[in-house]
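Novice: Input structure: upload.csv, which contains CSV, C-alpha atoms.
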```csv
chain,number,residue,atom,x,y,z
V,1,MET,CA,151.7,152.7,39.1
V,2,ALA,CA,155.5,153.1,39.1
V,3,ILE,CA,158.2,155.7,38.4
V,4,GLY,CA,161.1,154.6,36.3
V,5,GLY,CA,162.4,153.9,32.8
V,6,ASP,CA,161.9,151.3,30.1
V,7,GLY,CA,162.9,148.5,32.5
V,8,THR,CA,160.2,149.5,35.0
V,9,PHE,CA,157.7,149.9,32.2
V,10,THR,CA,158.5,146.4,30.8
V,11,GLY,CA,157.9,144.9,34.3
V,12,LEU,CA,154.5,146.7,34.6
V,13,HIS,CA,153.5,145.5,31.2
V,14,VAL,CA,154.2,141.9,32.2
V,15,PHE,CA,151.9,142.3,35.2
V,16,TYR,CA,149.3,143.6,32.9
V,17,GLU,CA,149.6,140.9,30.3
V,18,GLU,CA,149.8,138.0,32.7
V,19,PHE,CA,147.6,139.1,35.5
V,20,GLY,CA,145.4,141.8,34.1
V,21,VAL,CA,146.7,144.3,36.7
V,22,PRO,CA,145.9,147.9,35.5
V,23,SER,CA,149.2,149.8,35.4
V,24,ILE,CA,150.7,153.0,34.3
V,25,CYS,CA,154.2,154.3,34.4
V,26,ILE,CA,155.6,157.7,35.2
V,27,PRO,CA,158.9,158.5,33.4
V,28,GLY,CA,161.7,159.0,35.9
V,29,THR,CA,165.3,159.0,34.5
V,30,ILE,CA,167.9,161.7,34.3
V,31,ASP,CA,168.8,160.6,30.8
V,32,ASN,CA,165.6,162.1,29.3
V,33,ASP,CA,165.7,159.4,26.6
V,34,LEU,CA,162.2,158.0,26.8
V,35,ALA,CA,160.0,158.4,23.7
V,36,GLY,CA,156.6,160.0,24.1
V,37,THR,CA,157.6,162.8,26.5
V,38,ASP,CA,159.6,166.0,26.2
V,39,TYR,CA,161.0,165.7,29.7
V,40,THR,CA,161.5,162.9,32.3
V,41,ILE,CA,161.5,163.5,36.0
V,42,GLY,CA,165.1,164.0,37.2
V,43,PHE,CA,166.6,165.4,34.0
V,44,ASP,CA,166.3,169.0,34.9
V,45,THR,CA,167.7,168.5,38.4
V,46,ALA,CA,170.7,166.5,37.2
V,47,THR,CA,171.5,169.0,34.5
V,48,ASN,CA,171.3,171.9,36.9
V,49,THR,CA,173.6,170.1,39.3
V,50,ALA,CA,176.1,169.5,36.5
V,51,VAL,CA,176.0,173.1,35.2
V,52,ASP,CA,176.5,174.4,38.7
V,53,ALA,CA,179.7,172.3,39.0
V,54,ILE,CA,180.8,173.4,35.5
V,55,ASP,CA,180.4,177.1,36.5
V,56,LYS,CA,182.7,176.5,39.5
V,57,ILE,CA,185.3,174.6,37.4
V,58,ARG,CA,185.4,177.5,34.8
V,59,ASP,CA,186.6,179.8,37.6
V,60,THR,CA,189.8,177.8,38.2
V,61,ALA,CA,190.2,177.1,34.4
V,62,ILE,CA,190.3,180.8,33.7
V,63,SER,CA,192.6,181.6,36.6
V,64,HIS,CA,195.2,179.0,35.7
V,65,ASN,CA,195.0,178.7,31.9
V,66,ARG,CA,193.6,175.2,32.1
V,67,LEU,CA,191.7,172.8,29.8
V,68,PHE,CA,189.1,170.8,31.6
V,69,PHE,CA,187.6,167.6,30.3
V,70,ILE,CA,184.4,167.3,32.3
V,71,GLU,CA,182.5,164.0,32.2
V,72,VAL,CA,178.8,163.9,32.8
V,73,MET,CA,176.3,161.0,32.9
V,74,GLY,CA,174.7,159.7,29.8
V,75,ARG,CA,175.7,156.2,28.7
V,76,ASN,CA,173.4,156.1,25.7
V,77,SER,CA,172.0,159.6,25.7
V,78,GLY,CA,173.6,163.0,25.3
V,79,TYR,CA,170.8,165.1,26.7
V,80,ILE,CA,172.7,166.1,29.9
V,81,ALA,CA,175.9,166.7,28.0
V,82,ILE,CA,174.5,168.8,25.2
V,83,ASN,CA,172.5,171.1,27.5
V,84,CYS,CA,175.5,171.4,29.9
V,85,GLY,CA,177.7,172.3,26.9
V,86,ILE,CA,175.4,175.0,25.8
V,87,ALA,CA,174.8,176.4,29.3
V,88,GLY,CA,178.4,176.1,30.4
V,89,GLY,CA,180.0,177.5,27.3
V,90,ALA,CA,181.9,174.4,26.3
V,91,VAL,CA,184.3,174.6,23.4
V,92,ALA,CA,183.2,171.0,22.5
V,93,THR,CA,180.6,168.6,23.6
V,94,ILE,CA,181.0,164.9,23.0
V,95,ILE,CA,177.8,162.8,23.0
V,96,PRO,CA,177.0,159.2,22.1
V,97,GLU,CA,174.6,160.2,19.2
V,98,GLU,CA,177.4,161.9,17.2
V,99,SER,CA,180.5,160.6,15.7
V,100,MET,CA,183.1,163.4,16.3
V,101,THR,CA,186.6,162.1,15.5
V,102,LEU,CA,189.6,162.7,17.6
V,103,ASP,CA,191.1,164.8,14.9
V,104,GLU,CA,188.0,167.0,14.8
V,105,LEU,CA,188.1,167.5,18.6
V,106,PHE,CA,191.9,168.2,18.6
V,107,ALA,CA,191.4,170.8,15.8
V,108,LYS,CA,188.9,172.6,17.9
V,109,LEU,CA,191.1,172.6,20.9
V,110,ASP,CA,194.2,173.6,19.0
V,111,GLU,CA,192.4,176.8,17.9
V,112,GLY,CA,192.2,177.8,21.5
V,113,GLY,CA,196.0,177.6,21.8
V,114,LYS,CA,196.5,179.6,18.6
V,115,THR,CA,194.3,182.4,19.9
V,116,ASN,CA,195.8,182.4,23.4
V,117,LYS,CA,192.5,181.4,24.8
V,118,LYS,CA,192.7,181.5,28.6
V,119,SER,CA,190.7,178.4,29.2
V,120,SER,CA,188.6,175.7,27.5
V,121,LEU,CA,186.0,173.3,28.8
V,122,VAL,CA,185.1,170.0,27.0
V,123,VAL,CA,181.9,168.3,28.2
V,124,VAL,CA,182.0,164.5,27.6
V,125,ALA,CA,179.0,162.2,28.0
V,126,GLU,CA,180.1,159.0,29.7
V,127,GLY,CA,179.0,157.0,26.6
V,128,SER,CA,181.2,158.9,24.2
V,129,LYS,CA,182.3,156.7,21.3
V,130,ILE,CA,185.8,158.2,21.2
V,131,GLY,CA,186.6,157.7,24.9
V,132,GLY,CA,185.8,159.1,28.3
V,133,ALA,CA,187.2,162.3,29.8
V,134,LEU,CA,190.3,160.6,31.2
V,135,GLU,CA,191.2,158.9,27.9
V,136,LEU,CA,190.6,162.0,25.9
V,137,ALA,CA,192.7,164.1,28.2
V,138,LYS,CA,195.6,161.7,28.0
V,139,LYS,CA,195.5,161.6,24.2
V,140,PHE,CA,195.4,165.4,23.9
V,141,SER,CA,198.2,165.9,26.4
V,142,GLU,CA,200.4,163.6,24.3
V,143,ARG,CA,200.2,166.1,21.3
V,144,ASN,CA,199.7,169.5,22.9
V,145,ASN,CA,201.4,171.3,25.8
V,146,TYR,CA,199.8,174.7,25.6
V,147,PHE,CA,197.1,173.9,28.2
V,148,ASP,CA,197.4,172.6,31.7
V,149,ILE,CA,195.0,169.7,31.3
V,150,LYS,CA,192.7,168.6,34.1
V,151,VAL,CA,189.8,166.0,34.3
V,152,THR,CA,186.7,166.1,36.4
V,153,ILE,CA,184.2,163.2,36.4
V,154,LEU,CA,181.0,164.4,38.1
V,155,GLY,CA,179.6,160.8,38.4
V,156,HIS,CA,176.7,160.1,40.7
V,157,LEU,CA,176.8,163.6,42.1
V,158,GLN,CA,174.2,164.3,39.4
V,159,ARG,CA,171.8,161.7,40.7
V,160,GLY,CA,171.1,163.3,44.0
V,161,GLY,CA,170.3,166.6,45.6
V,162,THR,CA,167.2,168.8,46.0
V,163,PRO,CA,164.8,168.7,43.0
V,164,THR,CA,164.5,171.8,40.9
V,165,TYR,CA,161.1,173.6,40.8
V,166,PHE,CA,160.7,172.3,37.3
V,167,ASP,CA,161.0,168.7,38.3
V,168,ARG,CA,158.7,169.2,41.3
V,169,VAL,CA,156.0,170.7,39.0
V,170,LEU,CA,156.6,168.1,36.3
V,171,ALA,CA,156.3,165.2,38.8
V,172,SER,CA,153.1,166.7,40.2
V,173,LYS,CA,151.5,167.1,36.8
V,174,MET,CA,152.5,163.5,35.8
V,175,GLY,CA,151.3,162.1,39.1
V,176,VAL,CA,147.8,163.6,38.6
V,177,GLY,CA,147.9,162.6,35.0
V,178,ALA,CA,148.8,159.0,35.9
V,179,VAL,CA,145.9,158.6,38.3
V,180,GLU,CA,143.4,160.2,35.9
V,181,GLY,CA,144.8,158.0,33.1
V,182,LEU,CA,144.1,154.8,35.1
V,183,ILE,CA,140.6,156.0,35.8
V,184,GLN,CA,140.0,156.6,32.1
V,185,GLY,CA,141.3,153.2,31.2
V,186,ASN,CA,144.8,154.0,29.9
V,187,HIS,CA,146.3,150.7,31.1
V,188,SER,CA,149.8,149.5,30.4
V,189,SER,CA,150.8,152.9,29.3
V,190,MET,CA,153.2,155.7,30.2
V,191,VAL,CA,152.2,159.2,31.0
V,192,GLY,CA,154.2,161.9,29.3
V,193,ILE,CA,154.2,165.6,28.6
V,194,ARG,CA,154.3,167.0,25.1
V,195,ASN,CA,154.1,170.8,24.4
V,196,ASN,CA,153.1,171.2,28.1
V,197,GLN,CA,150.1,168.8,27.7
V,198,ILE,CA,149.7,165.4,29.4
V,199,VAL,CA,149.7,162.6,26.9
V,200,TYR,CA,149.6,158.8,27.2
V,201,ASN,CA,151.9,156.4,25.3
V,202,ASN,CA,151.4,152.7,24.7
V,203,PHE,CA,154.0,150.0,25.5
V,204,GLU,CA,155.2,149.6,21.9
V,205,THR,CA,156.0,153.3,21.6
V,206,ILE,CA,158.2,153.4,24.6
V,207,ILE,CA,160.1,150.1,24.0
V,208,ASN,CA,160.6,150.5,20.2
V,209,SER,CA,161.5,154.2,20.1
V,210,ARG,CA,163.7,156.7,22.0
V,211,HIS,CA,163.7,160.4,22.6
V,212,GLU,CA,166.3,161.7,20.1
V,213,ILE,CA,168.3,164.9,20.6
V,214,ASP,CA,166.8,167.6,18.4
V,215,THR,CA,169.0,169.0,15.6
V,216,GLU,CA,168.5,172.6,16.8
V,217,SER,CA,170.3,171.9,20.1
V,218,LEU,CA,173.2,170.4,18.2
V,219,ARG,CA,173.4,173.3,15.9
V,220,ILE,CA,173.3,175.9,18.7
V,221,ALA,CA,176.0,174.0,20.7
V,222,LYS,CA,178.3,174.1,17.6
V,223,ILE,CA,177.7,177.8,17.0
V,224,LEU,CA,178.3,178.8,20.6
V,225,SER,CA,181.5,176.8,20.9
V,226,ILE,CA,183.3,179.0,18.4
```
What does the file become when written as structure tokens?
Specialist:
Amino acid sequence: MAIGGDGTFTGLHVFYEEFGVPSICIPGTIDNDLAGTDYTIGFDTATNTAVDAIDKIRDTAISHNRLFFIEVMGRNSGYIAINCGIAGGAVATIIPEESMTLDELFAKLDEGGKTNKKSSLVVVAEGSKIGGALELAKKFSERNNYFDIKVTILGHLQRGGTPTYFDRVLASKMGVGAVEGLIQGNHSSMVGIRNNQIVYNNFETIINSRHEIDTESLRIAKILSI
């Protein structure tokens, strides 16, 4: 039994294939990108940590008429970013799964200047296709002088801290599910939770698929950014 992502699961699968060692994996990654489960351990804690920081940044953004580009983790997955964008009231959220152009981003931000908006927050996943927070801030500052532009990269701050109650309960449920799964013969599999029920996923499902961001979250983020 091990806690981790697809790399951990691949290693366990090799042990099972070559040595017949019964194995089961518990999904632990802040990216929440593993197929076969609605949530992975660590995602809720990391997102709460990021949202708490964004709340504090908004205070100074409002006080000093600033535009903040805030970079959160998510090299290949925008789950942290999209949820932070919704919870933190971002004017734009840039994620790896979407192809927002620079012109589209700048048009959104220009609207804030035209309406004398006191502050704006842009949440950027580190895997953004159009650049990280530093690069985007530099490009925007070259064409707009309305906002005082600042950058905050939260980095590995999101990977530590006290787990939220949700992650503690999730880990407990998955731990029990993993032990019971092994007893029931669910070998070389990953325990997951779907619709608040424990499920088991085979190796092929985890390796060949990923947990995509739902279209409803994307739609809500765009509505609330207006």
Novice: Kindly give the distance, in Å, that separates CA of Ile198 (chain V) and CA of Thr10 (chain V), rounded to a single decimal.
Specialist: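 Computing the Euclidean distance for CA of Ile198 (chain V) and CA of Thr10 (chain V) yields 21.0 Å.
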Novice: Taking all atoms listed in the file into account, name the residue in V:Gly131, V:Gly88, V:Pro27, V:Gly192 that is nearest to Leu105 (chain V).
Specialist: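 Going through V:Gly131, V:Gly88, V:Pro27, V:Gly192 one by one, the smallest distance to Leu105 (chain V) is for V:Gly131.
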Novice: Which polymer residues have any atom within 7 Å of an atom of region 33-40 of chain V, counting all atoms listed in the file, with same-chain residues fewer than 3 positions away left out, as a list in words?
Specialist: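 Here the qualifying residues turn out to be Pro27, Gly28, Thr29, Ile30, Phe43, Ser77, Gly192, Ile193, Arg194, Asn201, Thr205, Ile206, Ser209, Arg210, His211 and Glu212 of chain V.
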Novice: Within 8 Å of region 11-25 of chain V, counting only C-alpha atoms, which residues show up once you throw out same-chain ones fewer than 5 positions away? Write them as a list in words, please.
Specialist: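 Final neighbour list, sorted by chain and number: Met1, Ala2, Ile3, Gly4, Ala178, Gly181, Leu182, Asn186, His187, Ser188, Ser189, Met190, Val191 and Phe203 of chain V.
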Novice: With all atoms listed in the file counted, which protein, DNA or RNA residues have an atom no more than 12 Å from (190.7, 163.5, 31.0) in the file frame? Please answer as a PyMOL selection string.
Specialist: chain V and resi 67-71+121-124+126+131-142+148-153
Novice: Between V:Ile130, V:Ile82, V:Leu170, V:Ala53, which is the closest to Leu102 (chain V) once you count all atoms listed in the file?
Specialist: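 Among V:Ile130, V:Ile82, V:Leu170, V:Ala53, it is V:Ile130 that comes nearest to Leu102 (chain V).
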Novice: Tell me which residues come within 12 Å of (192.1, 181.9, 33.1), as a list of chain:residue names, counting all atoms listed in the file in the file's coordinates.
Specialist: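 Selection result: V:Ile57, V:Arg58, V:Asp59, V:Thr60, V:Ala61, V:Ile62, V:Ser63, V:His64, V:Asn65, V:Arg66, V:Leu67, V:Phe68, V:Asn116, V:Lys117, V:Lys118, V:Ser119, V:Ser120, V:Leu121, V:Phe147, V:Asp148.
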Novice: Calculate how many Å separate CA of Thr215 (chain V) from CA of Glu97 (chain V), rounding to one decimal.
Specialist: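 The value is 11.0 Å.
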Novice: For the atom pair CA of Ala90 (chain V) and CA of Ile213 (chain V), what is the interatomic distance in Å to one decimal place?
Specialist: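 Those two atoms sit 17.5 Å apart.
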Novice: Complete region 142-167 of chain V with N, CA and C atoms (output as an mmCIF file, in the coordinates of the input).
Specialist:
```cif
data_model
loop_
_atom_site.group_PDB
_atom_site.id
_atom_site.type_symbol
_atom_site.label_atom_id
_atom_site.label_comp_id
_atom_site.auth_asym_id
_atom_site.auth_seq_id
_atom_site.Cartn_x
_atom_site.Cartn_y
_atom_site.Cartn_z
ATOM 1 N N GLU V 142 199.305 164.235 24.977
ATOM 2 C CA GLU V 142 200.400 163.600 24.300
ATOM 3 C C GLU V 142 200.816 164.444 23.013
ATOM 4 N N ARG V 143 199.944 165.339 22.578
ATOM 5 C CA ARG V 143 200.200 166.100 21.300
ATOM 6 C C ARG V 143 200.136 167.594 21.502
ATOM 7 N N ASN V 144 199.861 168.084 22.703
ATOM 8 C CA ASN V 144 199.700 169.500 22.900
ATOM 9 C C ASN V 144 200.126 169.877 24.315
ATOM 10 N N ASN V 145 201.002 170.861 24.461
ATOM 11 C CA ASN V 145 201.400 171.300 25.800
ATOM 12 C C ASN V 145 201.089 172.718 26.113
ATOM 13 N N TYR V 146 200.146 173.274 25.348
ATOM 14 C CA TYR V 146 199.800 174.700 25.600
ATOM 15 C C TYR V 146 198.951 174.774 26.892
ATOM 16 N N PHE V 147 197.977 173.895 27.040
ATOM 17 C CA PHE V 147 197.100 173.900 28.200
ATOM 18 C C PHE V 147 197.607 173.046 29.331
ATOM 19 N N ASP V 148 197.325 173.468 30.563
ATOM 20 C CA ASP V 148 197.400 172.600 31.700
ATOM 21 C C ASP V 148 196.122 171.798 31.751
ATOM 22 N N ILE V 149 196.196 170.495 31.533
ATOM 23 C CA ILE V 149 195.000 169.700 31.300
ATOM 24 C C ILE V 149 194.536 169.027 32.625
ATOM 25 N N LYS V 150 193.260 169.160 32.936
ATOM 26 C CA LYS V 150 192.700 168.600 34.100
ATOM 27 C C LYS V 150 191.400 167.792 33.725
ATOM 28 N N VAL V 151 191.026 166.859 34.586
ATOM 29 C CA VAL V 151 189.800 166.000 34.300
ATOM 30 C C VAL V 151 188.931 166.081 35.569
ATOM 31 N N THR V 152 187.637 166.244 35.340
ATOM 32 C CA THR V 152 186.700 166.100 36.400
ATOM 33 C C THR V 152 185.547 165.199 35.961
ATOM 34 N N ILE V 153 185.311 164.140 36.731
ATOM 35 C CA ILE V 153 184.200 163.200 36.400
ATOM 36 C C ILE V 153 183.147 163.430 37.504
ATOM 37 N N LEU V 154 182.032 163.989 37.094
ATOM 38 C CA LEU V 154 181.000 164.400 38.100
ATOM 39 C C LEU V 154 180.280 163.136 38.642
ATOM 40 N N GLY V 155 180.157 162.084 37.860
ATOM 41 C CA GLY V 155 179.600 160.800 38.400
ATOM 42 C C GLY V 155 178.245 160.940 39.007
ATOM 43 N N HIS V 156 178.069 160.186 40.093
ATOM 44 C CA HIS V 156 176.700 160.100 40.700
ATOM 45 C C HIS V 156 176.327 161.281 41.512
ATOM 46 N N LEU V 157 177.183 162.283 41.567
ATOM 47 C CA LEU V 157 176.800 163.600 42.100
ATOM 48 C C LEU V 157 175.516 164.070 41.450
ATOM 49 N N GLN V 158 175.382 163.759 40.172
ATOM 50 C CA GLN V 158 174.200 164.300 39.400
ATOM 51 C C GLN V 158 172.936 163.553 39.696
ATOM 52 N N ARG V 159 172.996 162.460 40.413
ATOM 53 C CA ARG V 159 171.800 161.700 40.700
ATOM 54 C C ARG V 159 171.115 162.020 42.002
ATOM 55 N N GLY V 160 171.696 162.969 42.742
ATOM 56 C CA GLY V 160 171.100 163.300 44.000
ATOM 57 C C GLY V 160 170.853 164.804 44.149
ATOM 58 N N GLY V 161 170.478 165.222 45.325
ATOM 59 C CA GLY V 161 170.300 166.600 45.600
ATOM 60 C C GLY V 161 168.804 167.032 45.611
ATOM 61 N N THR V 162 168.589 168.294 45.880
ATOM 62 C CA THR V 162 167.200 168.800 46.000
ATOM 63 C C THR V 162 166.643 169.035 44.579
ATOM 64 N N PRO V 163 165.449 168.508 44.322
ATOM 65 C CA PRO V 163 164.800 168.700 43.000
ATOM 66 C C PRO V 163 164.587 170.133 42.657
ATOM 67 N N THR V 164 164.768 170.490 41.402
ATOM 68 C CA THR V 164 164.500 171.800 40.900
ATOM 69 C C THR V 164 162.945 172.039 40.952
ATOM 70 N N TYR V 165 162.534 173.295 40.876
ATOM 71 C CA TYR V 165 161.100 173.600 40.800
ATOM 72 C C TYR V 165 160.467 172.896 39.625
ATOM 73 N N PHE V 166 161.213 172.882 38.496
ATOM 74 C CA PHE V 166 160.700 172.300 37.300
ATOM 75 C C PHE V 166 160.350 170.827 37.461
ATOM 76 N N ASP V 167 161.280 170.091 38.076
ATOM 77 C CA ASP V 167 161.000 168.700 38.300
ATOM 78 C C ASP V 167 159.897 168.445 39.293
#
```
